[in-house]
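Asker: Handing you this structure, nothing more for now.
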Amino acid sequence: MYFPSYGKLKLFVASVTFVILLTWLFLVVGNLENGRSLLLSPCLVEQSMPRYLERDTLELRMREVVEENQQLRLRLSQSQGVATKVQDGNYSNQQWVASADTGPEDGENTAEERSNQGGNHSDCVHRPMVEKCELIHVACVCAGHNTSRDVVTLVKSILFHRRNPLHFHFITDMVAHQILSSLFQSWMVPSVQVSFYDTDELKSEVAWIPNKHYSGIYGLMKLTLTKALPSDLTKVIVLDTDITFATDIAELWAIFQRFADKQAIGLVENQSDWYLGNLWKNHKPWPALGRGFNTGVILLLLEQLRRIGWEQMWRLTAERELMSMLSTSLADQDIFNAVIKQNPALVHQLPCFWNVQLSDHTRSEQCYTEVSDLKVIHWNSPKKLRVKNKHVEFFRNLYLTFLEYDGNLLRRELFGCPSQPNSESIRLQDALEELDEDDQCYDFRRERIMVHRMHLYFLQYEYTPTEDDADVTLVAQLSIDRLQMLEAICNHWEGPISLALYMSDAEAQQFLRYALASEVLKNRKNVGYHIVYKEGQFYPVNLLRNVALRHANTPYIFLADVDFLPMYGLYPYLRKSIVQLDMAHSKKALVVPAFETLRYRLSFPKSKAELLSMLDVGTLYTFRYHVWTKGHAPTNYAKWRTATTPYKVEWEADFEPYVVVRRDCPEYDQRFVGFGWNKVSHIMELDAQEYDLVVLPNAFMIHMPHAPSFDISKFRSSSSYRYCLTMLKDEFHQDLSRKYGSSALKYLTAERNS
């Protein structure tokens with residue numbers, strides 16, 4: 001095997017290095033002359049921006065290249081000793097690979113180093129990463145129902161990749177506060193803190209600024225973060241809600257370490273031509289530095305901004321520009337850019353892969369060459385997922401992955417970063433430790449204390465109860481297989497509805513598409529949809545009922561099931577009955593008689609007389625007369641046929657009517673899951689609290705046929721299921737006796753005699 005002499009090898013290496021250096025300088029200068037900063041390698045872009053530092057950066061980079069060449073010569077001088085050991089032409093880069101930077105323990109590069117190896121990123125120098133267990137702060141402005149849904153997808157993408165504790169700061173209106181506070185409280189993700197700040201307290205800061213952007217006043221709120229966020233918070237990552245992360249957010253947080261002395265705002269260059277003013281004739285954008293910057297992803301060094309008087313700075317700039325511009329077109333982004341135009345030293349330009357902007361006609365495709373280049377995807381077009389982009393299908397699939405991802409899987413502890421448990425998690429852990437895992441009914445008992453993740457008001461809800469204090473909300477629960485009942489119920493009941501839907505994350509999106517495509521549902525703003533996410537092996541029917549019950553905002557509730565259709569006109573009839581029976585000053589449960597049909601296509605009766613005719617010919621039946629007569633027999637259907645005034649009935653064992661009660665009634669007992677005794681136990685407690693059961697003479701509801709539920713199939717086929725239900729019934733009786741004393745003994749006696 002022939003090896004060149006050491007002198008010739010040096011000459012060869014020097015020549016190659018010189019050619020590479022000239023080529024590199026040619027490409028860099030060409031990019032700068034053409035204003036193609038996005039075509040530089042991400043490492044160079046990050047170091048070379050803002051533009052007034054480009055010359056210094058090039059000199060620094062040249063010194064680095066010289067140092068790298070010196071290291072290369074040193075390795076080559078050492079390679080002669082290695083070369084004598086290489087045989088049969090099997091020389092490789094193993095020696096060089098072994099000498100590369102490795103981690104302190106396992107010899108593997110960090111995720112950020114790996115993302116910069118190969119392709120356009122091979123020349124990146126080592127970057128400092130975030131300390132293990134360092135708390136990362138993230139802020140978002142969120143208002144309304146739709147934006148609250150977007151936030152969940154953003155949070156999922158962050159949680160999926162994260163390795164550090166997180167503190168989310170949400171600037172919210174009342175609606176988003178209610179939704180997100182309930183969501184995070186029930187999500188119980190370890191090492192995640194959440195704080196909320198009221199937009200009403202900040203509106204006066206920006207209400208004077210005319211804004212044409214669809215985000216309205218909330219699109220200006222990011223300007224106020226130095227005031228809104230705690231004074232001891234020194235830095236924060238600020239995100240729009242239409243962001244999807246494809247990497248660990250700690251990589252973005254680490255960039256704070258590279259801010260120069262005067263830099264306080266980290267931004268990615270705007271990838272459209274908006275601020276160049278050439279999109280159409282007479283297009284006059286706000287002033288900006290070059291292409292301007294996009295504020296979908298911002299690094300804010302809060303302590304620096306407070307020190308230089310940020311609030312006064314942006315106010316004075318906005319006042320000056322509004323004299324000629326009259327209003328903002330892109331909300332806070334216009335004002336941020338105007339400030340940076342006057343104070344370019346403030347900005348630290350981020351590589352464009354930290355905000356790949358997917359709006360029409362952008363240069364976003366120049367931000368990545370491989371999937372591994374992607375860091376943050378920004379759906380900043382009003383078209384959202386329908387935006388035009390060569391790779392939009394890939395981006396859409398990435399977004400949909402997190403949209404439908406099971407959020408329960410993100411309840412994982414961070415290894416080596418123990419989280420401080422809150423009172424709810426401590427209570428839950430104590431309750432779990434009290435259970436006997438060898439108990440045959442362990443799964444039933446565990447279900448009672450399980451905390452399900454909830455997303456309240458999944459769709460827009462706007463309803464103000466009537467002023468007569470007699471308004472009533474229909475309350476029900478359902479799973480995805482009963483979704484087809486919703487349109488029919490809405491056609492029969494024009495009043496407010498509160499529904500708890502038991503679904504997976506993917507099923508919730510199916511429901512959303514169904515509701516938005518339905519002419520009936522999308523026009524109803526008085527229906528509250530509350531998602532309870534699936535977890536465990538049982539259908540938590542009474543938990544669902546309680547969720548729907550708690551979030552009715554009327555004085556009275558009609559406790560129904562989703563597979564029943566109320567008679568036409570039942571809503572005004574119930575309101576009238578509530579007043580006539582003086583329910584505001586008495587404990588009454590108004591019974592709505594239940595019937596059923598075995599026909600999937602039914603000509604629904606329009607009156608009591610028509611219903612009685614259908615009963616006589618066998619088109620309709622009293623509910624469950626042939627399966628479970630005891631459930632509704634106390635309604636006294638024979639008396640109801642001729643009744644013209646309400647009449648009182650007595651409680652009997654296994655009675656489970658559908659009733660109208662005050663909203664402050666007892667909640668359902670959540671130990672009963674799946675099939676069996678879920679309504680019976682509730683009616684029993686109403687009776688124990690001395691509610692009068694009053695049957696309405698001109699009201700009815702009809703059960704529509706459907707396939708048996710999975711839980712009733714388990715009840716029928718599993719002796720263990722039936723045994724555990726018996727055990728739960730006995731324990732319920734014992735609890736009832738402790739709660740209501742000797743008067744509750746009649747329920748145990750009636751149960752034994754039934």
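In the structure tokens, chains take letters A, B, ... by order of appearance, with residues numbered from 1 within each chain and ligands from 1 in the order shown.
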Within 12 Å of Arg641 (chain A), counting only C-alpha atoms, which residues show up once you throw out same-chain ones fewer than 6 positions away? Write them as a ChimeraX atom specification, please.
Answerer: /A:593,608-613,615-616,622,635,695-700
Asker: Using CA of Leu358 (chain A) and CA of Ser215 (chain A) as the two end points, give the distance in Å to one decimal.
Answerer: 17.6 Å
Asker: Name the closest residue to Lys222 (chain A) among the candidates A:Lys203, A:Lys606, A:Lys639, A:Arg291; distances are taken between atoms, counting only C-alpha atoms.
Answerer: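 Checking each candidate against Lys222 (chain A), we get A:Lys203 as the closest.
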Asker: Given only C-alpha atoms as the basis, pick out the residue of A:Tyr533, A:Phe336, A:Tyr218, A:Phe732 nearest to Tyr405 (chain A).
Answerer: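 With only C-alpha atoms as the atom set, the closest residue is A:Tyr533.
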Asker: Among region 220-249 of chain A, which ones does DSSP place in strand (DSSP E), written as a ChimeraX atom specification?
Answerer: /A:235-239,243-245
Asker: Suppose we keep C-alpha atoms; can you now write the selection as an mmCIF file, in the first residue's frame?
Answerer:
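Dumped everything to result-v8.cif:
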data_model
loop_
_atom_site.group_PDB
_atom_site.id
_atom_site.type_symbol
_atom_site.label_atom_id
_atom_site.label_comp_id
_atom_site.auth_asym_id
_atom_site.auth_seq_id
_atom_site.Cartn_x
_atom_site.Cartn_y
_atom_site.Cartn_z
ATOM 1 C CA LYS A 235 -37.427 35.703 30.419
ATOM 2 C CA VAL A 236 -40.204 33.921 28.590
ATOM 3 C CA ILE A 237 -40.974 32.210 25.281
ATOM 4 C CA VAL A 238 -44.106 33.736 23.741
ATOM 5 C CA LEU A 239 -46.103 31.651 21.280
ATOM 6 C CA ILE A 243 -47.917 26.770 16.576
ATOM 7 C CA THR A 244 -46.780 23.127 16.443
ATOM 8 C CA PHE A 245 -43.458 22.051 17.946
#
Asker: With only C-alpha atoms as the atoms that count, which of A:Asp471, A:Glu596, A:Asp735, A:Asp730 lies nearest to Phe558 (chain A)?
Answerer: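 That would be A:Asp471, the residue with the smallest distance to Phe558 (chain A).
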Asker: Residues of region 324-454 of chain A classed as helix (DSSP H, G or I) by DSSP on the backbone are to be reported as a PyMOL selection string.
Answerer: chain A and resi 324-325+332-342+344-346+352-354+364-367+371-373+384-386+392-403+407-410+423-434+442-449
Asker: Record the distance separating CA of Met583 (chain A) and CA of Val661 (chain A), expressed in Å with one decimal.
Answerer: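 Rounded to one decimal, the two atoms are 8.2 Å apart.
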Asker: I'd like to know which of A:Leu300, A:Val617, A:Leu456, A:Val541 is closest to Phe675 (chain A), using only C-alpha atoms.
Answerer: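 The answer is A:Val541, which sits nearest to Phe675 (chain A).
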Asker: Which residue gives the smallest distance to Arg550 (chain A) among A:Ser607, A:Ser186, A:Thr749, A:Thr473, with only C-alpha atoms counted?
Answerer: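 Nearest candidate to Arg550 (chain A) out of A:Ser607, A:Ser186, A:Thr749, A:Thr473: A:Thr473.
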Asker: Using only C-alpha atoms for the distances, tell me which of A:Ile531, A:Thr401, A:Val591, A:Ser372 is nearest to Asn636 (chain A).
Answerer: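 Ranked by minimum distance to Asn636 (chain A), first place goes to A:Val591.
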